[in-house]
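J.: This one is work03.json, JSON, C-alpha atoms.
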[["chain", "number", "residue", "atom", "x", "y", "z"],
["A", 14, "MET", "CA", -3.28, -10.18, 42.14],
["A", 15, "LYS", "CA", 0.44, -9.35, 41.82],
["A", 16, "LYS", "CA", 0.96, -12.52, 39.82],
["A", 17, "ILE", "CA", -1.75, -11.50, 37.36],
["A", 18, "ASN", "CA", -0.27, -8.00, 36.97],
["A", 19, "ILE", "CA", 3.21, -9.43, 36.33],
["A", 20, "LEU", "CA", 1.78, -11.75, 33.70],
["A", 21, "LEU", "CA", -0.07, -8.81, 32.11],
["A", 22, "ILE", "CA", 3.11, -6.73, 31.90],
["A", 23, "SER", "CA", 5.02, -9.64, 30.40],
["A", 24, "PHE", "CA", 2.29, -10.30, 27.87],
["A", 25, "ILE", "CA", 2.09, -6.62, 26.86],
["A", 26, "VAL", "CA", 5.85, -6.47, 26.25],
["A", 27, "THR", "CA", 5.79, -9.69, 24.22],
["A", 28, "ALA", "CA", 2.73, -8.67, 22.19],
["A", 29, "CYS", "CA", 4.01, -5.18, 21.46],
["A", 30, "PHE", "CA", 7.42, -6.51, 20.41],
["A", 31, "GLY", "CA", 5.76, -9.03, 18.12],
["A", 32, "LEU", "CA", 3.71, -6.34, 16.42],
["A", 33, "LEU", "CA", 6.69, -4.03, 16.04],
["A", 34, "ILE", "CA", 8.78, -6.64, 14.20],
["A", 35, "THR", "CA", 5.91, -7.81, 11.96],
["A", 36, "PRO", "CA", 6.27, -6.36, 8.43],
["A", 37, "ARG", "CA", 3.49, -4.04, 7.29],
["A", 38, "PHE", "CA", 2.59, -4.25, 3.65],
["A", 39, "ALA", "CA", 1.05, -1.28, 1.92],
["A", 40, "ALA", "CA", -1.70, -1.91, -0.54],
["A", 41, "ALA", "CA", -0.92, -0.65, -3.99],
["A", 42, "HIS", "CA", -2.99, -0.23, -7.13],
["A", 43, "CYS", "CA", -0.30, 0.33, -9.73],
["A", 44, "ASP", "CA", -0.59, -3.35, -10.69],
["A", 45, "THR", "CA", -4.33, -3.33, -11.45],
["A", 46, "LEU", "CA", -5.75, -3.26, -14.96],
["A", 47, "ASP", "CA", -7.75, -0.13, -14.13],
["A", 48, "GLY", "CA", -4.92, 1.56, -12.23],
["A", 49, "PRO", "CA", -3.10, 4.70, -13.41],
["A", 50, "VAL", "CA", -0.06, 2.87, -14.81],
["A", 51, "ILE", "CA", -2.12, 0.72, -17.16],
["A", 52, "GLN", "CA", -4.33, 3.68, -18.08],
["A", 53, "ASP", "CA", -1.24, 5.56, -19.24],
["A", 54, "ALA", "CA", -0.01, 2.43, -21.02],
["A", 55, "ARG", "CA", -3.25, 2.20, -23.01],
["A", 56, "THR", "CA", -2.97, 5.89, -23.91],
["A", 57, "ALA", "CA", 0.60, 5.38, -25.07],
["A", 58, "LEU", "CA", -0.41, 2.47, -27.32],
["A", 59, "GLU", "CA", -3.34, 4.41, -28.78],
["A", 60, "LYS", "CA", -1.09, 7.35, -29.61],
["A", 61, "GLY", "CA", 1.87, 5.24, -30.68],
["A", 62, "ASP", "CA", 4.01, 7.30, -28.28],
["A", 63, "VAL", "CA", 5.75, 5.75, -25.26],
["A", 64, "THR", "CA", 6.17, 9.09, -23.46],
["A", 65, "PRO", "CA", 3.10, 8.87, -21.16],
["A", 66, "VAL", "CA", 4.49, 5.80, -19.35],
["A", 67, "LEU", "CA", 8.10, 6.87, -18.91],
["A", 68, "LYS", "CA", 7.28, 8.83, -15.76],
["A", 69, "TRP", "CA", 6.45, 5.52, -14.05],
["A", 70, "VAL", "CA", 9.98, 4.16, -14.43],
["A", 71, "GLN", "CA", 13.50, 5.27, -13.62],
["A", 72, "LYS", "CA", 15.70, 6.70, -16.36],
["A", 73, "LYS", "CA", 17.96, 3.65, -16.37],
["A", 74, "ASP", "CA", 14.96, 1.46, -17.27],
["A", 75, "GLU", "CA", 13.71, 3.53, -20.21],
["A", 76, "ALA", "CA", 15.44, 1.35, -22.81],
["A", 77, "MET", "CA", 13.59, -1.78, -21.59],
["A", 78, "ILE", "CA", 10.27, 0.07, -21.72],
["A", 79, "HIS", "CA", 10.98, 1.32, -25.25],
["A", 80, "ALA", "CA", 11.72, -2.26, -26.34],
["A", 81, "ALA", "CA", 8.58, -3.69, -24.74],
["A", 82, "PHE", "CA", 6.49, -0.87, -26.19],
["A", 83, "ASN", "CA", 7.81, -1.38, -29.71],
["A", 84, "GLN", "CA", 7.12, -5.11, -29.48],
["A", 85, "ALA", "CA", 3.52, -4.34, -28.46],
["A", 86, "LEU", "CA", 3.09, -1.97, -31.41],
["A", 87, "THR", "CA", 4.44, -4.62, -33.80],
["A", 88, "ALA", "CA", 2.11, -7.26, -32.32],
["A", 89, "GLY", "CA", -0.80, -4.89, -32.87],
["A", 90, "LYS", "CA", -0.39, -5.28, -36.61],
["A", 91, "LYS", "CA", -0.74, -9.07, -36.57],
["A", 92, "GLY", "CA", -4.35, -9.64, -35.59],
["A", 93, "VAL", "CA", -6.57, -9.17, -32.54],
["A", 94, "LYS", "CA", -5.27, -12.12, -30.51],
["A", 95, "VAL", "CA", -1.61, -11.31, -31.13],
["A", 96, "LYS", "CA", -2.35, -7.66, -30.34],
["A", 97, "GLU", "CA", -3.95, -8.53, -27.00],
["A", 98, "ASP", "CA", -1.07, -10.81, -26.07],
["A", 99, "GLY", "CA", 1.45, -8.14, -27.01],
["A", 100, "GLU", "CA", -0.34, -5.48, -24.97],
["A", 101, "ARG", "CA", -0.51, -7.82, -21.98],
["A", 102, "ARG", "CA", 3.23, -8.47, -22.12],
["A", 103, "PHE", "CA", 3.88, -4.73, -22.33],
["A", 104, "PHE", "CA", 1.62, -4.05, -19.34],
["A", 105, "GLU", "CA", 3.34, -6.73, -17.29],
["A", 106, "ALA", "CA", 6.81, -5.51, -18.19],
["A", 107, "LEU", "CA", 5.91, -1.91, -17.38],
["A", 108, "VAL", "CA", 4.33, -2.67, -14.02],
["A", 109, "LYS", "CA", 7.10, -5.07, -13.03],
["A", 110, "ILE", "CA", 9.80, -2.51, -13.81],
["A", 111, "HIS", "CA", 7.84, 0.22, -12.03],
["A", 112, "ARG", "CA", 7.38, -1.87, -8.89],
["A", 113, "THR", "CA", 10.99, -3.04, -8.92],
["A", 114, "GLY", "CA", 12.02, 0.60, -8.95],
["A", 115, "GLU", "CA", 9.94, 1.09, -5.82],
["A", 116, "GLY", "CA", 11.48, -1.91, -4.14],
["A", 117, "ALA", "CA", 8.17, -3.78, -4.32],
["A", 118, "ALA", "CA", 7.45, -7.27, -5.58],
["A", 119, "PHE", "CA", 5.44, -7.95, -8.74],
["A", 120, "THR", "CA", 2.99, -10.83, -8.41],
["A", 121, "GLY", "CA", 1.08, -10.32, -11.64],
["A", 122, "LEU", "CA", -1.54, -7.93, -12.94],
["A", 123, "LYS", "CA", -4.69, -7.63, -10.84],
["A", 124, "PRO", "CA", -8.17, -7.56, -12.43],
["A", 125, "VAL", "CA", -10.36, -4.49, -12.87],
["A", 126, "GLY", "CA", -12.09, -3.59, -9.63],
["A", 127, "ALA", "CA", -9.27, -4.81, -7.38],
["A", 128, "VAL", "CA", -8.47, -1.25, -6.29],
["A", 129, "GLU", "CA", -9.31, -0.38, -2.68],
["A", 130, "PRO", "CA", -12.27, 2.05, -2.36],
["A", 131, "VAL", "CA", -10.10, 4.64, -0.62],
["A", 132, "ILE", "CA", -7.67, 4.66, -3.57],
["A", 133, "VAL", "CA", -10.58, 5.12, -5.96],
["A", 134, "ALA", "CA", -11.70, 8.05, -3.81],
["A", 135, "ALA", "CA", -8.17, 9.49, -3.89],
["A", 136, "ASP", "CA", -8.06, 9.26, -7.69],
["A", 137, "ASN", "CA", -11.54, 10.78, -7.97],
["A", 138, "ALA", "CA", -10.42, 13.67, -5.78],
["A", 139, "LEU", "CA", -7.64, 14.41, -8.25],
["A", 140, "VAL", "CA", -10.09, 14.32, -11.15],
["A", 141, "SER", "CA", -12.64, 16.58, -9.43],
["A", 142, "GLY", "CA", -10.06, 18.95, -7.99],
["A", 143, "SER", "CA", -11.59, 18.66, -4.50],
["A", 144, "SER", "CA", -10.37, 16.56, -1.58],
["A", 145, "ALA", "CA", -13.51, 17.14, 0.54],
["A", 146, "ASP", "CA", -15.12, 13.72, -0.05],
["A", 147, "LEU", "CA", -11.81, 11.93, 0.42],
["A", 148, "ILE", "CA", -11.14, 13.74, 3.69],
["A", 149, "LYS", "CA", -14.60, 12.87, 5.00],
["A", 150, "LEU", "CA", -14.18, 9.20, 4.03],
["A", 151, "ILE", "CA", -10.82, 8.92, 5.77],
["A", 152, "THR", "CA", -11.73, 10.88, 8.89],
["A", 153, "ASP", "CA", -15.02, 9.01, 9.33],
["A", 154, "GLN", "CA", -13.27, 5.64, 9.06],
["A", 155, "ALA", "CA", -10.48, 6.72, 11.41],
["A", 156, "ALA", "CA", -12.95, 8.06, 13.96],
["A", 157, "ASN", "CA", -14.99, 4.86, 13.85],
["A", 158, "GLY", "CA", -11.84, 2.78, 14.22],
["A", 159, "ILE", "CA", -10.68, 4.72, 17.26],
["A", 160, "ARG", "CA", -14.14, 4.72, 18.84],
["A", 161, "GLU", "CA", -14.65, 0.96, 18.44],
["A", 162, "ARG", "CA", -11.21, 0.08, 19.81],
["A", 163, "HIS", "CA", -11.46, 2.56, 22.67],
["A", 164, "ASN", "CA", -14.86, 1.28, 23.75],
["A", 165, "ARG", "CA", -13.75, -2.34, 23.61],
["A", 166, "THR", "CA", -10.51, -1.69, 25.50],
["A", 167, "SER", "CA", -12.26, 0.46, 28.09],
["A", 168, "GLU", "CA", -14.84, -2.23, 28.77],
["A", 169, "LEU", "CA", -12.25, -5.02, 29.06],
["A", 170, "SER", "CA", -10.05, -2.90, 31.35],
["A", 171, "ARG", "CA", -12.76, -3.07, 34.01],
["A", 172, "HIS", "CA", -12.26, -6.83, 34.26],
["A", 173, "LYS", "CA", -8.56, -7.24, 33.44],
["A", 174, "ASP", "CA", -7.54, -8.20, 36.97],
["A", 175, "GLU", "CA", -10.32, -10.72, 37.55],
["A", 176, "SER", "CA", -8.45, -13.57, 35.89],
["A", 177, "ILE", "CA", -5.51, -14.27, 33.58],
["A", 178, "GLU", "CA", -7.88, -14.99, 30.71],
["A", 179, "ALA", "CA", -9.68, -11.68, 31.24],
["A", 180, "GLY", "CA", -6.31, -9.95, 31.45],
["A", 181, "ARG", "CA", -5.17, -11.42, 28.17],
["A", 182, "LYS", "CA", -8.33, -10.28, 26.43],
["A", 183, "TYR", "CA", -7.67, -6.79, 27.71],
["A", 184, "VAL", "CA", -4.03, -6.88, 26.56],
["A", 185, "ALA", "CA", -5.00, -7.99, 23.04],
["A", 186, "ALA", "CA", -7.51, -5.14, 22.79],
["A", 187, "TYR", "CA", -5.03, -2.68, 24.31],
["A", 188, "VAL", "CA", -2.28, -3.56, 21.84],
["A", 189, "ASP", "CA", -4.67, -3.28, 18.89],
["A", 190, "TYR", "CA", -5.99, 0.06, 20.20],
["A", 191, "THR", "CA", -2.60, 1.71, 20.80],
["A", 192, "HIS", "CA", -1.03, 0.46, 17.58],
["A", 193, "TYR", "CA", -4.03, 1.61, 15.60],
["A", 194, "VAL", "CA", -3.77, 5.21, 16.85],
["A", 195, "GLU", "CA", 0.01, 5.06, 16.42],
["A", 196, "ARG", "CA", -0.36, 4.08, 12.75],
["A", 197, "LEU", "CA", -2.88, 6.87, 12.22],
["A", 198, "GLN", "CA", -0.50, 9.42, 13.74],
["A", 199, "GLN", "CA", 2.45, 8.19, 11.67],
["A", 200, "ALA", "CA", 0.39, 8.37, 8.49],
["A", 201, "ALA", "CA", -0.85, 11.86, 9.38],
["A", 202, "TRP", "CA", 2.70, 13.04, 9.96],
["A", 203, "GLY", "CA", 3.78, 11.78, 6.57],
["A", 204, "HIS", "CA", 5.66, 8.59, 7.45],
["A", 205, "GLY", "CA", 4.36, 6.84, 4.34],
["A", 206, "THR", "CA", 5.35, 3.42, 3.02],
["A", 207, "HIS", "CA", 4.75, 3.98, -0.71],
["A", 208, "GLN", "CA", 7.60, 6.34, -1.48],
["A", 209, "ILE", "CA", 10.24, 6.08, -4.17],
["A", 210, "GLU", "CA", 13.73, 6.82, -2.90],
["A", 211, "PRO", "CA", 16.73, 7.05, -5.24],
["A", 212, "LYS", "CA", 19.11, 4.13, -4.76],
["A", 213, "HIS", "CA", 22.10, 6.46, -4.33],
["A", 214, "THR", "CA", 20.31, 8.06, -1.39],
["A", 215, "LYS", "CA", 19.76, 4.67, 0.25],
["A", 216, "ALA", "CA", 23.40, 3.83, -0.27],
["A", 217, "ALA", "CA", 24.48, 7.14, 1.29],
["A", 218, "LYS", "CA", 22.33, 6.43, 4.34],
["A", 219, "GLY", "CA", 24.08, 3.11, 4.79],
["A", 220, "HIS", "CA", 27.39, 4.94, 5.42],
["A", 221, "ASP", "CA", 25.95, 6.98, 8.27],
["A", 222, "HIS", "CA", 26.05, 4.02, 10.69]]
With the file now loaded, output its structure as structure tokens.
T.:
Amino acid sequence: MKKINILLISFIVTACFGLLITPRFAAAHCDTLDGPVIQDARTALEKGDVTPVLKWVQKKDEAMIHAAFNQALTAGKKGVKVKEDGERRFFEALVKIHRTGEGAAFTGLKPVGAVEPVIVAADNALVSGSSADLIKLITDQAANGIRERHNRTSELSRHKDESIEAGRKYVAAYVDYTHYVERLQQAAWGHGTHQIEPKHTKAAKGHDH
């Protein structure tokens, strides 16, 4: 029995350490063709005014956006196919510069409909002026997630000392359960991963060590 408990403790430490050092990638929708960045880009092209998209980039990158925008406007006067190609290049340049400013990679524009349902709900909440539906969606999903993991972990805990295999099943469920509620708490407290931080601030932090 002691041998099994020692193995369980060792496995928990190893599993938790592995999860802690694994990068977590936040899903984004600024690179989708129906996302807010491209919506503003289409508006800018329709109006012939680049202003609506400048909020998506840093001031130092405005010149590149102006150049890409002007090229798209020029292409729009040379036929449908050339216009579409020009708009596509402008969209790609805009999104790439925006994501680079966030410290995120650009892997190409995503098709319409690639946005996660929760992001659609978040955007709809802004349009409607009410967050009620969004709150219900999030809280229902979080509650279900906690309930499912708690029930599974609770059931496996009853058998965790019967064998090493049973113990490992319990540990896997336990790690998933505790990290899930930890991520929920961190998100609720505002420790987000999709935040833009000025580069001079990051540099200043580097001198604190």
J.: Just want the 8 Å neighbourhood of segment 58-72 of chain A, counted on only C-alpha atoms, with same-chain residues fewer than 2 positions away dropped. Output as a PyMOL selection string.
T.: chain A and resi 50+53-56+74-75+78-79+82+85-86+107+110-111+114
J.: Residues at most 12 Å from Ile148 of chain A, counting all atoms listed in the file, excluding those fewer than 6 positions away in the same chain, as number ranges by chain?
T.: A: 131, 134-135, 138, 154-156, 201
J.: Would you save the residues from that selection as a PDB file, keeping the file's coordinate frame, using C-alpha atoms?
T.:
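Final file, part-v1.pdb:
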ATOM      1  CA  VAL A 131     -10.100   4.640  -0.620  1.00  0.00           C
ATOM      2  CA  ALA A 134     -11.700   8.050  -3.810  1.00  0.00           C
ATOM      3  CA  ALA A 135      -8.170   9.490  -3.890  1.00  0.00           C
ATOM      4  CA  ALA A 138     -10.420  13.670  -5.780  1.00  0.00           C
ATOM      5  CA  GLN A 154     -13.270   5.640   9.060  1.00  0.00           C
ATOM      6  CA  ALA A 155     -10.480   6.720  11.410  1.00  0.00           C
ATOM      7  CA  ALA A 156     -12.950   8.060  13.960  1.00  0.00           C
ATOM      8  CA  ALA A 201      -0.850  11.860   9.380  1.00  0.00           C
TER       9      ALA A 201
END
J.: Calculate how many Å separate atom CA of Ala106 of chain A from atom CA of Lys94 of chain A, rounding to one decimal.
T.: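 Interatomic distance, atom CA of Ala106 of chain A to atom CA of Lys94 of chain A: 18.5 Å.
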J.: Counting only C-alpha atoms, what is within 12 Å of Val95 of chain A, bar same-chain residues fewer than 6 positions away, as a PyMOL selection string?
T.: chain A and resi 84-89+101-102
J.: Restricting it to C-alpha atoms, dump the selection as a PDB file, in the frame of the given file.
T.:
ATOM      1  CA  GLN A  84       7.120  -5.110 -29.480  1.00  0.00           C
ATOM      2  CA  ALA A  85       3.520  -4.340 -28.460  1.00  0.00           C
ATOM      3  CA  LEU A  86       3.090  -1.970 -31.410  1.00  0.00           C
ATOM      4  CA  THR A  87       4.440  -4.620 -33.800  1.00  0.00           C
ATOM      5  CA  ALA A  88       2.110  -7.260 -32.320  1.00  0.00           C
ATOM      6  CA  GLY A  89      -0.800  -4.890 -32.870  1.00  0.00           C
ATOM      7  CA  ARG A 101      -0.510  -7.820 -21.980  1.00  0.00           C
ATOM      8  CA  ARG A 102       3.230  -8.470 -22.120  1.00  0.00           C
TER       9      ARG A 102
END
J.: Which value, in Å to one decimal, gives the distance between atom CA of Asp189 of chain A and atom CA of Thr166 of chain A?
T.: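 Distance reported for this atom pair: 9.0 Å.
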J.: Rounded to one decimal, what separation in Å do you get between atom CA of Lys123 of chain A and atom CA of Asp47 of chain A?
T.: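 Separating atom CA of Lys123 of chain A from atom CA of Asp47 of chain A is a distance of 8.7 Å.
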J.: For Gly121 of chain A, which residue among A:Cys43, A:Val133, A:Ala200, A:Val188 is the nearest when counting only C-alpha atoms?
T.: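 When distances to Gly121 of chain A are compared using only C-alpha atoms, the smallest one comes from A:Cys43.
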J.: Looking at all atoms listed in the file, which of A:Pro130, A:Asp44, A:Ile51, A:Glu178 is the one that sits closest to Thr113 of chain A?
T.: A:Asp44
J.: Using all atoms listed in the file, find the one residue out of A:Tyr187, A:Val93, A:Ala76, A:Gln52 that sits nearest to Val108 of chain A.
T.: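 The shortest atom-to-atom distance to Val108 of chain A comes from A:Gln52.
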J.: Of the residues A:Lys90, A:Val125, A:Asn137, A:Ala80, which is the one nearest to Gly48 of chain A, using only C-alpha atoms?
T.: A:Val125
J.: What's around Lys173 of chain A at 7 Å? Count all atoms listed in the file, leave out sequence neighbours fewer than 6 positions away in its own chain, and write the answer as a PyMOL selection string.
T.: chain A and resi 179-180+183
